[in-house]
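File shown: input-v9.csv. Contents: CSV, C-alpha atoms.
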chain,number,residue,atom,x,y,z
R,1085,MET,CA,0.0,0.0,0.0
R,1086,MET,CA,2.8,2.4,0.9
R,1087,ALA,CA,4.2,1.9,-2.6
R,1088,VAL,CA,0.9,2.8,-4.1
R,1089,ILE,CA,0.7,6.0,-2.0
R,1090,PHE,CA,4.2,7.1,-3.1
R,1091,ALA,CA,3.3,6.2,-6.7
R,1092,ALA,CA,0.3,8.5,-6.5
R,1093,MET,CA,2.4,11.4,-5.2
R,1094,LEU,CA,5.0,10.7,-8.0
R,1095,LEU,CA,2.1,10.6,-10.6
R,1096,ALA,CA,0.8,13.9,-9.2
R,1097,MET,CA,4.2,15.6,-9.5
R,1098,ALA,CA,4.7,14.2,-13.0
R,1099,LEU,CA,1.2,15.4,-14.1
R,1100,ALA,CA,1.9,18.8,-12.7
R,1101,GLU,CA,5.2,18.9,-14.6
R,1102,LEU,CA,3.3,18.0,-17.8
R,1103,ARG,CA,0.9,21.0,-17.2
R,1104,GLN,CA,-2.1,18.8,-16.3
R,1105,PRO,CA,-3.1,20.7,-13.1
R,1106,ARG,CA,-6.6,19.1,-12.6
R,1107,LEU,CA,-5.3,15.6,-13.0
R,1108,ALA,CA,-2.4,16.4,-10.7
R,1109,ILE,CA,-4.7,17.8,-8.0
R,1110,GLY,CA,-6.9,14.6,-8.4
R,1111,ALA,CA,-3.8,12.4,-8.0
R,1112,VAL,CA,-2.6,14.3,-4.9
R,1113,VAL,CA,-6.1,14.1,-3.3
R,1114,VAL,CA,-6.2,10.3,-3.9
R,1115,CYS,CA,-2.7,10.2,-2.3
R,1116,LEU,CA,-3.9,12.1,0.7
R,1117,VAL,CA,-6.9,9.9,1.2
R,1118,LEU,CA,-4.8,6.7,0.9
R,1119,ALA,CA,-2.2,8.2,3.3
R,1120,VAL,CA,-4.9,8.9,5.9
R,1121,HIS,CA,-6.3,5.3,5.5
R,1122,GLN,CA,-2.8,3.9,5.8
R,1123,PHE,CA,-2.1,5.9,8.9
R,1124,LEU,CA,-5.3,4.7,10.6
R,1125,TRP,CA,-4.4,1.1,9.7
R,1126,GLU,CA,-0.8,1.5,11.0
R,1127,VAL,CA,-1.9,2.8,14.4
R,1128,HIS,CA,-4.8,0.5,15.0
R,1129,SER,CA,-4.1,-2.4,17.3
R,1130,ASP,CA,-6.3,-5.5,17.8
R,1131,VAL,CA,-5.7,-5.2,21.6
R,1132,TYR,CA,-5.8,-1.4,22.2
R,1133,GLY,CA,-7.8,-0.2,19.2
R,1134,TYR,CA,-6.7,3.4,18.7
R,1135,GLY,CA,-6.0,3.9,22.4
R,1136,LEU,CA,-2.7,4.6,24.1
R,1137,PRO,CA,-3.0,2.7,27.4
R,1138,TRP,CA,0.8,2.9,28.1
R,1139,LEU,CA,0.3,6.7,28.7
R,1140,ASP,CA,-2.0,6.0,31.8
R,1141,TRP,CA,0.8,6.6,34.3
G,342,MET,CA,0.6,47.5,-0.7
G,343,ASN,CA,-0.8,44.6,-2.7
G,344,LEU,CA,2.5,44.2,-4.6
G,345,LEU,CA,4.5,44.2,-1.3
G,346,ALA,CA,2.1,41.6,0.2
G,347,ALA,CA,2.4,39.5,-2.9
G,348,ARG,CA,6.2,39.6,-2.9
G,349,LEU,CA,6.2,38.6,0.8
G,350,ASP,CA,3.9,35.7,0.0
G,351,HIS,CA,6.1,34.6,-2.9
G,352,LEU,CA,9.2,34.8,-0.6
G,353,PHE,CA,7.4,32.9,2.2
G,354,GLN,CA,6.4,30.1,-0.1
G,355,PHE,CA,9.8,30.0,-1.8
G,356,GLY,CA,11.5,29.7,1.6
G,357,VAL,CA,9.2,26.9,2.7
G,358,LEU,CA,9.8,25.0,-0.5
G,359,ALA,CA,13.6,25.4,-0.2
G,360,VAL,CA,13.5,24.2,3.5
G,361,LEU,CA,11.4,21.2,2.5
G,362,VAL,CA,13.8,20.1,-0.2
G,363,GLY,CA,16.6,20.4,2.3
G,364,ILE,CA,14.8,18.3,4.9
G,365,GLN,CA,13.9,15.6,2.4
G,366,SER,CA,17.5,15.5,1.1
G,367,ALA,CA,18.8,15.2,4.6
G,368,ALA,CA,16.4,12.3,5.3
G,369,LEU,CA,17.7,10.4,2.3
G,370,VAL,CA,21.3,11.0,3.4
G,371,MET,CA,20.4,9.6,6.9
G,372,GLN,CA,18.8,6.6,5.1
G,373,TYR,CA,21.5,5.7,2.7
G,374,ALA,CA,24.7,7.1,4.3
G,375,PHE,CA,23.9,6.1,7.9
G,376,GLY,CA,21.7,3.1,7.2
G,377,GLU,CA,18.6,4.5,9.1
G,378,LEU,CA,15.7,2.6,7.6
G,379,PRO,CA,12.4,4.6,7.7
G,380,CYS,CA,9.5,3.1,9.5
G,381,PRO,CA,5.9,3.3,8.1
G,382,LEU,CA,5.0,6.4,10.0
G,383,CYS,CA,8.3,8.0,9.1
G,384,LEU,CA,7.4,7.4,5.4
G,385,LEU,CA,4.0,9.0,5.9
G,386,GLU,CA,5.7,12.0,7.5
G,387,ARG,CA,7.9,12.3,4.4
G,388,LEU,CA,4.9,12.0,2.2
G,389,ALA,CA,3.1,14.8,4.1
G,390,MET,CA,6.1,17.1,3.5
G,391,PHE,CA,6.1,16.2,-0.2
G,392,GLY,CA,2.4,17.2,-0.2
G,393,VAL,CA,3.1,20.7,1.1
G,394,GLY,CA,5.9,21.0,-1.5
G,395,PHE,CA,3.5,19.9,-4.2
G,396,ALA,CA,1.0,22.6,-3.3
G,397,ILE,CA,3.7,25.3,-3.3
G,398,LEU,CA,5.0,24.2,-6.6
G,399,GLU,CA,1.6,24.2,-8.2
G,400,ALA,CA,1.2,27.8,-7.0
G,401,PHE,CA,4.5,28.8,-8.7
G,402,ARG,CA,3.5,27.0,-11.8
G,403,ASN,CA,-0.2,27.9,-12.2
G,404,GLY,CA,-0.7,30.9,-10.0
G,405,PHE,CA,-1.2,31.4,-6.2
G,406,ARG,CA,-4.6,30.4,-5.1
G,407,GLU,CA,-6.3,29.9,-1.7
G,408,ARG,CA,-7.2,26.3,-2.6
G,409,LEU,CA,-3.5,25.5,-2.8
G,410,THR,CA,-2.9,27.1,0.6
G,411,GLY,CA,-5.7,24.8,1.9
G,412,LEU,CA,-4.1,21.8,0.4
G,413,ALA,CA,-0.7,22.7,1.9
G,414,LEU,CA,-2.4,23.1,5.3
G,415,LEU,CA,-4.1,19.7,5.0
G,416,PHE,CA,-0.7,18.0,4.4
G,417,ALA,CA,0.8,20.0,7.3
G,418,LEU,CA,-2.0,18.8,9.5
G,419,LEU,CA,-1.4,15.2,8.4
G,420,LEU,CA,2.3,15.7,9.3
G,421,LEU,CA,1.4,16.9,12.8
G,422,VAL,CA,-1.1,14.1,13.5
G,423,VAL,CA,1.3,11.4,12.3
G,424,GLY,CA,4.3,12.9,14.1
G,425,ALA,CA,2.4,13.4,17.3
G,426,ARG,CA,1.0,9.8,17.3
G,427,GLN,CA,4.4,8.4,16.6
G,428,THR,CA,6.0,10.5,19.4
G,429,LEU,CA,3.3,9.3,21.9
G,430,LEU,CA,3.9,5.7,20.7
G,431,ASP,CA,7.5,5.7,22.0
G,432,ILE,CA,7.4,8.5,24.6
G,433,ALA,CA,7.1,6.0,27.5
G,434,PRO,CA,9.9,3.4,27.4
G,435,ARG,CA,8.6,-0.2,27.3
G,436,PRO,CA,9.8,-3.4,25.8
G,437,GLY,CA,9.9,-3.4,22.0
G,438,HIS,CA,9.4,0.4,21.8
G,439,ALA,CA,12.0,3.0,21.4
G,440,TYR,CA,12.5,6.0,19.1
G,441,ILE,CA,13.7,4.9,15.7
G,442,GLY,CA,17.0,6.3,14.4
G,443,SER,CA,19.6,8.6,15.9
G,444,PRO,CA,18.7,11.9,17.4
G,445,VAL,CA,19.5,15.1,15.4
G,446,LEU,CA,20.4,18.1,17.7
G,447,GLY,CA,18.9,16.1,20.6
G,448,LEU,CA,15.6,15.4,19.0
G,449,HIS,CA,14.4,12.1,17.3
G,450,MET,CA,12.7,12.1,13.9
G,451,PRO,CA,9.0,11.9,15.1
G,452,VAL,CA,9.7,14.9,17.4
G,453,TRP,CA,11.3,16.8,14.5
G,454,ALA,CA,8.2,16.0,12.5
G,455,VAL,CA,6.0,17.6,15.1
G,456,VAL,CA,8.3,20.6,15.3
G,457,ILE,CA,8.3,21.0,11.5
G,458,ALA,CA,4.5,20.6,11.3
G,459,LEU,CA,4.0,23.2,14.0
G,460,VAL,CA,6.4,25.6,12.4
G,461,LEU,CA,4.6,25.2,9.1
G,462,LEU,CA,1.1,25.7,10.6
G,463,ILE,CA,2.2,28.8,12.6
G,464,ALA,CA,4.0,30.2,9.6
G,465,TYR,CA,0.9,29.7,7.4
G,466,ALA,CA,-1.3,31.3,10.0
G,467,LEU,CA,1.0,34.3,10.4
G,468,LYS,CA,1.2,34.6,6.6
G,469,ILE,CA,-2.6,34.6,6.3
G,470,ALA,CA,-2.9,37.1,9.2
G,471,VAL,CA,-0.3,39.5,7.8
G,472,VAL,CA,-0.5,39.4,4.0
G,473,GLY,CA,-3.8,37.4,3.5
G,474,ALA,CA,-4.5,34.0,2.1
G,475,ASP,CA,-4.0,35.0,-1.5
G,476,PRO,CA,-2.4,38.4,-2.0
G,477,ALA,CA,-0.7,37.3,-5.2
G,478,ARG,CA,-3.9,36.8,-7.2
G,479,GLU,CA,-3.9,40.3,-8.8
G,480,ALA,CA,-0.2,41.1,-8.3
G,481,GLY,CA,1.2,38.9,-11.1
G,482,PRO,CA,3.8,36.2,-11.1
G,483,PRO,CA,6.9,36.2,-8.8
G,484,VAL,CA,10.1,37.8,-9.8
G,485,VAL,CA,12.1,36.0,-12.5
G,486,TRP,CA,15.0,34.7,-10.4
G,487,MET,CA,12.6,33.3,-7.8
G,488,ALA,CA,10.4,31.6,-10.4
G,489,THR,CA,13.5,30.1,-12.0
G,490,VAL,CA,15.0,28.8,-8.8
G,491,ALA,CA,11.5,27.5,-7.7
G,492,ARG,CA,11.4,25.5,-11.0
G,493,TYR,CA,14.7,23.9,-10.2
G,494,LEU,CA,13.6,23.2,-6.7
G,495,GLY,CA,10.6,21.5,-8.3
G,496,TYR,CA,12.9,19.3,-10.3
G,497,ALA,CA,14.8,18.4,-7.1
G,498,LEU,CA,11.5,17.6,-5.3
G,499,LEU,CA,10.3,15.4,-8.2
G,500,ALA,CA,13.7,13.5,-8.1
G,501,LEU,CA,13.4,13.1,-4.3
G,502,ILE,CA,9.9,11.7,-4.7
G,503,ALA,CA,11.0,9.3,-7.4
G,504,VAL,CA,13.9,8.1,-5.3
G,505,ASN,CA,11.6,7.7,-2.3
G,506,ALA,CA,9.0,5.8,-4.4
G,507,LEU,CA,11.6,3.4,-5.7
G,508,SER,CA,13.1,3.0,-2.3
G,509,VAL,CA,9.7,2.2,-0.8
G,510,VAL,CA,9.1,-0.5,-3.4
G,511,VAL,CA,12.6,-2.1,-2.6
G,512,GLN,CA,12.0,-1.8,1.1
G,513,CYS,CA,8.4,-2.9,1.4
G,514,GLY,CA,7.5,-4.5,-1.9
G,515,PHE,CA,3.7,-4.1,-2.4
G,516,SER,CA,2.7,-5.2,1.1
G,517,GLU,CA,3.0,-3.7,4.6
G,518,CYS,CA,6.1,-1.9,5.5
G,519,HIS,CA,7.2,-3.2,8.9
G,520,THR,CA,10.7,-4.3,7.7
G,521,PHE,CA,14.2,-4.4,9.2
G,522,GLY,CA,15.8,-4.2,5.8
G,523,TYR,CA,15.1,-4.0,2.2
G,524,ARG,CA,12.5,-6.7,1.4
G,525,LEU,CA,13.4,-7.1,-2.3
G,526,LEU,CA,17.1,-7.4,-1.3
G,527,GLY,CA,16.3,-10.2,1.2
G,528,GLY,CA,16.7,-8.1,4.4
G,529,ALA,CA,13.1,-7.7,5.7
G,530,ALA,CA,13.3,-10.2,8.6
G,531,PRO,CA,13.7,-8.9,12.2
G,532,PRO,CA,17.1,-9.4,13.9
G,533,GLY,CA,17.4,-13.1,14.8
G,534,GLY,CA,14.2,-13.9,13.0

What would the structure in this file look like if it were written as C-alpha cells?
Amino acid sequence: MMAVIFAAMLLAMALAELRQPRLAIGAVVVCLVLAVHQFLWEVHSDVYGYGLPWLDW
Amino acid sequence: MNLLAARLDHLFQFGVLAVLVGIQSAALVMQYAFGELPCPLCLLERLAMFGVGFAILEAFRNGFRERLTGLALLFALLLLVVGARQTLLDIAPRPGHAYIGSPVLGLHMPVWAVVIALVLLIAYALKIAVVGADPAREAGPPVVWMATVARYLGYALLALIAVNALSVVVQCGFSECHTFGYRLLGGAAPPGG
C-alpha cells in the first residue's frame, strides 16, 4: 500500500510537470486519502484499538 | 501594498519549498549514508512534507490560489497528526518500543516531524494574518529569479519523490512496511528472525 501512496504522489508531480493541473490535483487528493487510510491502519491495534494505554501513568 | 504583500507571499512560499527540499535531502542522506531505515509512520511523514511542497510548486506553476494554501495546510496537519501519534507511541519506554533512528540536535525524527508541522502551521497562520491567504492573485507572477529557482527546486522535489517511491518498493514490496531491511534485497526479517 505504501508503494501505491508514493506512486500516487509521484504521478501527481509528473502530471503537474506536464501541465495537467486538474489531474495532478486529483492524484494528490487520492494520495492524501490513501495516506490517511494507511495511517489509521498502522496505528490500530487488535488489543488497544486506537487507544494509548501505556500513557496512563 | 498589494504588490508588497504578494512579494512577501512569494518569498514565504519559496522559503518553505527550499527548506522542505533540504529536509527531504537530509532524510535520504540519513537513510543511505547512515543506514537508518524509515518506519511506516516515518514514510507517511515524508509524504506529508512532499504534499506541502507539491501545493507550493503548483502555486509557482499555475498561480497562487487559496485552494492550494488549503491543500498545503491539510498535508501540514497530516504531518502533525502522524508525528504526534508516533511521538506518543514511543514516549514511555517499554519493551519493544524506542524512538527509531539517531537523534539530530537532541531530537528524534518523530519529534522533529511535530516541530516541522507546528512551524509550518504557525508560519501559514502568520502569513494569512499578515498578508492574506492569496495576496498574489492580482499582483502577477513572482520575480524571474525566484520563479527560475523554484522551477529547479521543483525538479529536485520530483527527483526526491522518485527516489523515495523506488526505495519504498525495494523496502516494502507491495505489502505492509514493517521491515528491518530492504525486502526485495532479502533483508526484511527482524534481527534473529

Exercise for the section: Select all residues from chain G having any atom no more than 8 Å from an atom of chain R (counting all atoms listed in the file, ignoring ligands), output as a ChimeraX atom specification. Expected result: /G:381-382,385,388,391-392,395,399,403,416,419,423,429-430,433,499,502-503,505-506,509-510,513-518

Problem - Interatomic distance, atom CA of Ala425 of chain G to atom CA of Leu459 of chain G (Å, one decimal) - result: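 Rounded to one decimal, the two atoms are 10.5 Å apart.
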
Completion exercise
Min atom-atom distance to Arg348 of chain G from the set G:Leu446, G:Leu526, G:Ala500, G:Ala488, counting all atoms listed in the file, belongs to G:Ala488

Handout entry: atom CA of Glu377 of chain G to atom CA of Gly442 of chain G, straight-line distance in Å
Key =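 Going from atom CA of Gly442 of chain G over to atom CA of Glu377 of chain G, I get 5.8 Å.
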
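In terms of minimum interatomic distance to Phe375 of chain G, G:Ser443 ranks closest within G:Ser443, G:Asp475, G:Ile457, G:Leu398, counting only C-alpha atoms.
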
Generate the missing atoms of segment 1085-1097 of chain R up to N, CA and C atoms and report them as a compact mmCIF listing (two decimals), keeping the file's coordinate frame.
# COMPACT_ATOMS: atom_id res chain seq x y z
N MET R 1085 0.82 -1.22 0.00
CA MET R 1085 0.00 0.00 0.00
C MET R 1085 0.86 1.27 0.00
N MET R 1086 1.97 1.23 0.81
CA MET R 1086 2.80 2.40 0.90
C MET R 1086 3.40 2.73 -0.51
N ALA R 1087 3.71 1.69 -1.28
CA ALA R 1087 4.20 1.90 -2.60
C ALA R 1087 3.20 2.60 -3.51
N VAL R 1088 1.93 2.22 -3.35
CA VAL R 1088 0.90 2.80 -4.10
C VAL R 1088 0.73 4.33 -3.76
N ILE R 1089 0.84 4.61 -2.47
CA ILE R 1089 0.70 6.00 -2.00
C ILE R 1089 1.82 6.87 -2.59
N PHE R 1090 3.06 6.36 -2.54
CA PHE R 1090 4.20 7.10 -3.10
C PHE R 1090 4.05 7.23 -4.63
N ALA R 1091 3.53 6.16 -5.25
CA ALA R 1091 3.30 6.20 -6.70
C ALA R 1091 2.30 7.28 -7.06
N ALA R 1092 1.26 7.43 -6.23
CA ALA R 1092 0.30 8.50 -6.50
C ALA R 1092 0.87 9.86 -6.37
N MET R 1093 1.76 10.05 -5.37
CA MET R 1093 2.40 11.40 -5.20
C MET R 1093 3.35 11.62 -6.41
N LEU R 1094 4.06 10.58 -6.85
CA LEU R 1094 5.00 10.70 -8.00
C LEU R 1094 4.14 11.05 -9.25
N LEU R 1095 3.01 10.38 -9.42
CA LEU R 1095 2.10 10.60 -10.60
C LEU R 1095 1.64 12.09 -10.53
N ALA R 1096 1.26 12.56 -9.33
CA ALA R 1096 0.80 13.90 -9.20
C ALA R 1096 1.85 14.93 -9.61
N MET R 1097 3.09 14.70 -9.15
CA MET R 1097 4.20 15.60 -9.50
C MET R 1097 4.47 15.56 -11.01
